[in-house]
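For reference, target-v5.cif (mmCIF, C-alpha atoms):
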data_entry
#
loop_
_atom_site.label_atom_id
_atom_site.label_comp_id
_atom_site.auth_asym_id
_atom_site.auth_seq_id
_atom_site.Cartn_x
_atom_site.Cartn_y
_atom_site.Cartn_z
CA MET J 1 3.41 154.90 115.61
CA SER J 2 2.20 153.64 112.27
CA ARG J 3 -0.85 155.68 111.24
CA ILE J 4 -2.63 152.64 109.88
CA GLY J 5 -1.38 150.29 112.61
CA LYS J 6 -2.60 152.39 115.53
CA LYS J 7 -6.18 152.71 114.25
CA PRO J 8 -8.46 150.23 116.04
CA ILE J 9 -10.68 147.97 113.92
CA ASN J 10 -14.38 148.32 114.77
CA LEU J 11 -16.24 145.01 114.67
CA PRO J 12 -19.67 145.08 112.99
CA SER J 13 -22.52 143.17 114.62
CA GLY J 14 -22.31 139.42 114.00
CA VAL J 15 -18.51 139.38 113.58
CA THR J 16 -16.28 137.74 116.20
CA VAL J 17 -12.48 137.68 116.38
CA ASP J 18 -10.54 134.95 118.23
CA VAL J 19 -6.80 135.23 118.89
CA ALA J 20 -5.06 131.88 119.53
CA THR J 21 -1.86 131.51 121.59
CA LYS J 22 0.26 130.62 118.53
CA GLY J 23 -0.57 133.94 116.81
CA VAL J 24 -3.46 132.70 114.68
CA VAL J 25 -6.31 135.19 114.25
CA THR J 26 -9.72 133.74 113.31
CA VAL J 27 -12.52 136.01 112.11
CA LYS J 28 -16.07 134.61 111.94
CA GLY J 29 -18.99 136.42 110.38
CA PRO J 30 -22.27 135.95 108.52
CA LYS J 31 -20.51 135.17 105.21
CA GLY J 32 -17.89 132.70 106.52
CA THR J 33 -14.66 132.24 108.46
CA LEU J 34 -11.12 133.42 107.67
CA THR J 35 -7.82 132.74 109.48
CA GLN J 36 -4.48 134.54 109.38
CA ASP J 37 -1.11 133.69 110.93
CA VAL J 38 0.33 136.70 112.75
CA ASN J 39 4.02 137.10 113.61
CA PRO J 40 4.54 136.31 117.34
CA ASP J 41 6.13 139.76 117.90
CA ILE J 42 2.89 141.56 117.04
CA GLN J 43 0.19 141.65 119.74
CA VAL J 44 -3.47 141.39 118.69
CA THR J 45 -6.10 142.06 121.38
CA VAL J 46 -9.89 142.30 121.31
CA GLU J 47 -11.35 144.85 123.73
CA ASN J 48 -14.89 146.31 123.87
CA ASN J 49 -15.87 145.40 120.29
CA GLN J 50 -12.59 146.64 118.77
CA VAL J 51 -9.45 144.86 117.58
CA VAL J 52 -6.19 146.60 118.54
CA VAL J 53 -2.83 145.69 116.96
CA SER J 54 0.34 146.73 118.82
CA ARG J 55 4.09 146.26 118.36
CA PRO J 56 6.87 145.79 120.96
CA THR J 57 9.56 148.16 119.56
CA ASP J 58 10.02 150.89 116.96
CA SER J 59 12.41 148.87 114.79
CA LYS J 60 11.86 149.07 111.02
CA ARG J 61 10.76 145.42 110.87
CA HIS J 62 8.16 145.84 113.63
CA LYS J 63 6.86 149.10 112.12
CA SER J 64 6.28 147.46 108.73
CA MET J 65 4.55 144.41 110.23
CA HIS J 66 2.35 146.60 112.46
CA GLY J 67 0.49 148.27 109.59
CA LEU J 68 0.51 145.09 107.48
CA TYR J 69 -1.26 142.89 110.02
CA ARG J 70 -3.75 145.62 110.91
CA SER J 71 -4.69 145.91 107.21
CA LEU J 72 -4.93 142.12 106.79
CA ILE J 73 -7.22 141.74 109.82
CA ASN J 74 -9.34 144.71 108.67
CA ASN J 75 -9.75 143.10 105.22
CA MET J 76 -10.81 139.86 106.91
CA VAL J 77 -13.45 141.70 108.99
CA ILE J 78 -14.82 143.46 105.88
CA GLY J 79 -14.77 140.18 103.92
CA VAL J 80 -16.80 138.12 106.42
CA SER J 81 -19.32 140.93 106.93
CA GLU J 82 -19.78 142.43 103.43
CA GLY J 83 -17.57 140.45 101.02
CA PHE J 84 -15.52 141.70 98.08
CA LYS J 85 -16.53 142.08 94.43
CA LYS J 86 -14.45 142.61 91.29
CA ASP J 87 -15.80 143.17 87.79
CA LEU J 88 -13.77 142.47 84.65
CA GLU J 89 -14.71 143.63 81.17
CA LEU J 90 -13.76 141.89 77.90
CA VAL J 91 -13.02 144.48 75.21
CA GLY J 92 -12.61 143.16 71.67
CA VAL J 93 -14.58 141.84 68.71
CA GLY J 94 -15.85 138.31 69.36
CA TYR J 95 -14.61 138.12 72.96
CA LYS J 96 -17.03 136.01 75.04
CA ALA J 97 -17.29 134.66 78.57
CA THR J 98 -19.57 131.92 79.93
CA ASN J 99 -19.47 129.87 83.10
CA GLN J 100 -20.54 126.33 83.97
CA GLY J 101 -20.48 126.25 87.77
CA GLN J 102 -16.90 127.00 88.86
CA VAL J 103 -15.39 126.72 85.34
CA LEU J 104 -15.09 129.92 83.33
CA GLU J 105 -14.93 129.53 79.53
CA LEU J 106 -13.27 132.46 77.76
CA ASN J 107 -13.01 133.18 74.04
CA LEU J 108 -10.31 135.86 73.78
CA GLY J 109 -9.38 135.79 70.12
CA TYR J 110 -6.99 132.85 70.33
CA SER J 111 -7.39 129.75 68.13
CA HIS J 112 -8.83 127.90 71.17
CA ASN J 113 -11.14 128.61 74.09
CA ILE J 114 -9.63 128.99 77.56
CA PHE J 115 -11.17 127.01 80.43
CA PHE J 116 -10.33 128.60 83.79
CA ALA J 117 -11.13 126.63 86.98
CA LEU J 118 -12.01 128.93 89.89
CA PRO J 119 -11.42 128.18 93.59
CA GLU J 120 -14.48 127.01 95.56
CA SER J 121 -14.69 130.17 97.67
CA VAL J 122 -14.92 132.48 94.63
CA SER J 123 -18.33 132.78 92.97
CA VAL J 124 -18.57 133.92 89.36
CA LYS J 125 -21.33 135.42 87.23
CA THR J 126 -21.03 136.30 83.54
CA GLU J 127 -23.30 138.58 81.56
CA THR J 128 -23.32 139.85 78.00
CA PRO J 129 -25.59 142.89 77.67
CA LYS J 130 -26.69 143.57 74.09
CA GLY J 131 -24.42 146.09 72.38
CA LYS J 132 -21.93 146.17 75.27
CA ASN J 133 -18.81 144.30 76.32
CA PRO J 134 -19.14 141.00 78.24
CA ILE J 135 -18.65 141.37 82.02
CA ILE J 136 -17.27 138.82 84.49
CA SER J 137 -18.31 139.44 88.14
CA LEU J 138 -16.26 137.75 90.88
CA GLU J 139 -17.34 137.65 94.54
CA ALA J 140 -15.47 136.26 97.56
CA ILE J 141 -14.78 136.90 101.24
CA ASP J 142 -10.97 136.70 100.87
CA LYS J 143 -9.56 139.91 99.36
CA GLU J 144 -6.16 138.37 98.54
CA LEU J 145 -7.71 135.38 96.74
CA ILE J 146 -10.17 137.42 94.66
CA GLY J 147 -7.33 139.77 93.66
CA GLN J 148 -5.13 136.88 92.53
CA VAL J 149 -7.95 135.28 90.51
CA ALA J 150 -8.86 138.59 88.86
CA ALA J 151 -5.20 139.30 88.01
CA LYS J 152 -4.80 135.81 86.51
CA ILE J 153 -7.91 136.23 84.32
CA ARG J 154 -6.66 139.69 83.27
CA SER J 155 -3.24 138.26 82.35
CA LEU J 156 -4.83 135.84 79.85
CA ARG J 157 -5.23 138.75 77.40
CA LYS J 158 -3.51 141.94 78.55
CA ILE J 159 -4.83 145.27 77.31
CA GLU J 160 -2.85 146.48 74.32
CA PRO J 161 -2.24 150.25 74.13
CA TYR J 162 -3.18 150.87 70.47
CA LYS J 163 -6.79 149.69 70.23
CA GLY J 164 -7.43 149.00 73.93
CA LYS J 165 -8.45 145.37 73.35
CA GLY J 166 -8.14 142.78 76.11
CA VAL J 167 -9.39 142.04 79.63
CA ARG J 168 -9.63 145.02 81.99
CA PHE J 169 -11.23 145.94 85.30
CA VAL J 170 -14.48 147.90 84.92
CA GLY J 171 -13.60 151.60 85.12
CA GLU J 172 -9.84 151.04 84.58
CA GLN J 173 -8.11 153.80 82.62
CA ILE J 174 -5.80 152.56 79.87
CA ARG J 175 -2.87 154.61 78.59
CA ARG J 176 -3.36 154.75 74.83
CA LYS J 177 -0.66 155.27 72.23
CA ALA J 178 -0.90 156.89 68.81
CA GLY J 179 -0.41 154.52 65.91
CA LYS J 180 2.07 154.85 63.06
CA THR J 181 1.60 157.83 60.75
CA ALA J 182 2.35 157.67 57.05
CA GLY J 183 5.52 159.56 56.09
CA LYS J 184 5.39 162.28 53.42
CA LYS J 185 7.85 162.11 50.51
#
Kindly return the structure encoded in the file as structure tokens.
Amino acid sequence: MSRIGKKPINLPSGVTVDVATKGVVTVKGPKGTLTQDVNPDIQVTVENNQVVVSRPTDSKRHKSMHGLYRSLINNMVIGVSEGFKKDLELVGVGYKATNQGQVLELNLGYSHNIFFALPESVSVKTETPKGKNPIISLEAIDKELIGQVAAKIRSLRKIEPYKGKGVRFVGEQIRRKAGKTAGKK
């Protein structure tokens, strides 16, 4: 058995899981509702406040889907009960971030500002503490969506290895390179 797939998912109080006949799993909680299509081969059952994911055979395809769907459903349960948060840091002279509702305005050293429209289910907060780098905080209940949005914002100005300037996750370690050294003649 898949180590991840065979672990049951404990449901926190206030979270309900419904499994439809067509393989659609719906998770409802205090923060919202998420749905996920599950392959018809994989069985999802709810028994005594736990969600159990099982597979019909030990074929390679079924083994891979077993752990995948268990992880996806677990992320949905965590999302509707606690939510997910990602923090990005802008490192560089003159880099700024502000938000007007769901539109993020970024000044990343280009000749123009970048306006980034966020999905409705992702909330954003920007702060610029004095003497520190600006921070963008993203919050959402969908782990996949918040990861895609954070990766897209990060790709607008990738970290360069010489000075370490760019957009990075808070706490991310960057591999630095030594610059050119002057040759002796």
Quick one: everything within 6 Å of range 162-176 of chain J, counting only C-alpha atoms, minus sequence neighbours fewer than 2 positions away in the same chain. Send it as a PyMOL selection string. chain J and resi 87-92+154+157-160
How many Å separate CA of Gly29 in chain J from CA of Lys63 in chain J?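 CA of Lys63 in chain J lies 28.8 Å from CA of Gly29 in chain J.
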Range 93-97 of chain J environment, 8 Å, only C-alpha atoms, sequence neighbours closer than 3 positions dropped, as a compact mmCIF listing (two decimals) with C-alpha atoms, keeping the file's coordinate frame:
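Okay, part04.txt is ready:
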# COMPACT_ATOMS: atom_id res chain seq x y z
CA LEU J 90 -13.76 141.89 77.90
CA LEU J 104 -15.09 129.92 83.33
CA GLU J 105 -14.93 129.53 79.53
CA LEU J 106 -13.27 132.46 77.76
CA ASN J 107 -13.01 133.18 74.04
CA LEU J 108 -10.31 135.86 73.78
CA GLY J 109 -9.38 135.79 70.12
CA THR J 126 -21.03 136.30 83.54
CA GLU J 127 -23.30 138.58 81.56
CA THR J 128 -23.32 139.85 78.00
CA PRO J 134 -19.14 141.00 78.24
CA ILE J 135 -18.65 141.37 82.02
CA ILE J 136 -17.27 138.82 84.49
So, with all atoms listed in the file as the atoms that count, which of J:Ile141, J:Ala151, J:Val124, J:Leu34 lies closest to Glu82 in chain J?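 Among the listed residues, the smallest separation from Glu82 in chain J belongs to J:Ile141.
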Identify all residues satisfying the PyMOL selection byres ((chain J and resi 51) around 9) in the given file; provide them as a PyMOL selection string. chain J and resi 8-11+17+44-50+52-53+70+73-74
Gap from CA of Thr98 in chain J to CA of Val122 in chain J - Å, one decimal: 15.4 Å
Calculate how many Å separate CA of Asn133 in chain J from CA of Lys85 in chain J, rounding to one decimal.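 Computing it gives 18.4 Å between the two atoms.
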Pick the closest to Leu118 in chain J from J:Val103, J:Val25, J:Ala20, J:Ile153: which is it, counting all atoms listed in the file? J:Val103
Since I can't run it myself right now, could you work out what the PyMOL selection byres ((chain J and resi 23) around 9) selects here and report it as a PyMOL selection string? chain J and resi 19-22+24-25+36-44
With only C-alpha atoms as the atoms that count, which of J:Lys143, J:Lys28, J:Lys6, J:Lys177 lies nearest to Val80 in chain J? J:Lys28
So which one's closest to Glu144 in chain J, J:Ile4, J:Ala178, J:Leu72, J:Met65? Using all atoms listed in the file, please.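 Closest to Glu144 in chain J, using all atoms listed in the file: J:Leu72.
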Between J:Ser111, J:Lys86, J:Phe116, J:Tyr69, which residue has the minimum interatomic distance to Ala150 in chain J, considering only C-alpha atoms?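 Using only C-alpha atoms, Ala150 in chain J sits closest to J:Lys86.
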For this file, the PyMOL selection byres ((chain J and resi 33) around 12) selects which residues, as a PDB file with C-alpha atoms, keeping the file's coordinate frame?
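Output below, filename expr.pdb:
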ATOM      1  CA  GLY J  14     -22.310 139.420 114.000  1.00  0.00           C
ATOM      2  CA  VAL J  15     -18.510 139.380 113.580  1.00  0.00           C
ATOM      3  CA  THR J  16     -16.280 137.740 116.200  1.00  0.00           C
ATOM      4  CA  VAL J  17     -12.480 137.680 116.380  1.00  0.00           C
ATOM      5  CA  ASP J  18     -10.540 134.950 118.230  1.00  0.00           C
ATOM      6  CA  VAL J  25      -6.310 135.190 114.250  1.00  0.00           C
ATOM      7  CA  THR J  26      -9.720 133.740 113.310  1.00  0.00           C
ATOM      8  CA  VAL J  27     -12.520 136.010 112.110  1.00  0.00           C
ATOM      9  CA  LYS J  28     -16.070 134.610 111.940  1.00  0.00           C
ATOM     10  CA  GLY J  29     -18.990 136.420 110.380  1.00  0.00           C
ATOM     11  CA  PRO J  30     -22.270 135.950 108.520  1.00  0.00           C
ATOM     12  CA  LYS J  31     -20.510 135.170 105.210  1.00  0.00           C
ATOM     13  CA  GLY J  32     -17.890 132.700 106.520  1.00  0.00           C
ATOM     14  CA  LEU J  34     -11.120 133.420 107.670  1.00  0.00           C
ATOM     15  CA  THR J  35      -7.820 132.740 109.480  1.00  0.00           C
ATOM     16  CA  GLN J  36      -4.480 134.540 109.380  1.00  0.00           C
ATOM     17  CA  MET J  76     -10.810 139.860 106.910  1.00  0.00           C
ATOM     18  CA  VAL J  77     -13.450 141.700 108.990  1.00  0.00           C
ATOM     19  CA  ILE J  78     -14.820 143.460 105.880  1.00  0.00           C
ATOM     20  CA  GLY J  79     -14.770 140.180 103.920  1.00  0.00           C
ATOM     21  CA  VAL J  80     -16.800 138.120 106.420  1.00  0.00           C
ATOM     22  CA  SER J  81     -19.320 140.930 106.930  1.00  0.00           C
ATOM     23  CA  GLY J  83     -17.570 140.450 101.020  1.00  0.00           C
ATOM     24  CA  SER J 121     -14.690 130.170  97.670  1.00  0.00           C
ATOM     25  CA  ALA J 140     -15.470 136.260  97.560  1.00  0.00           C
ATOM     26  CA  ILE J 141     -14.780 136.900 101.240  1.00  0.00           C
ATOM     27  CA  ASP J 142     -10.970 136.700 100.870  1.00  0.00           C
TER      28      ASP J 142
END
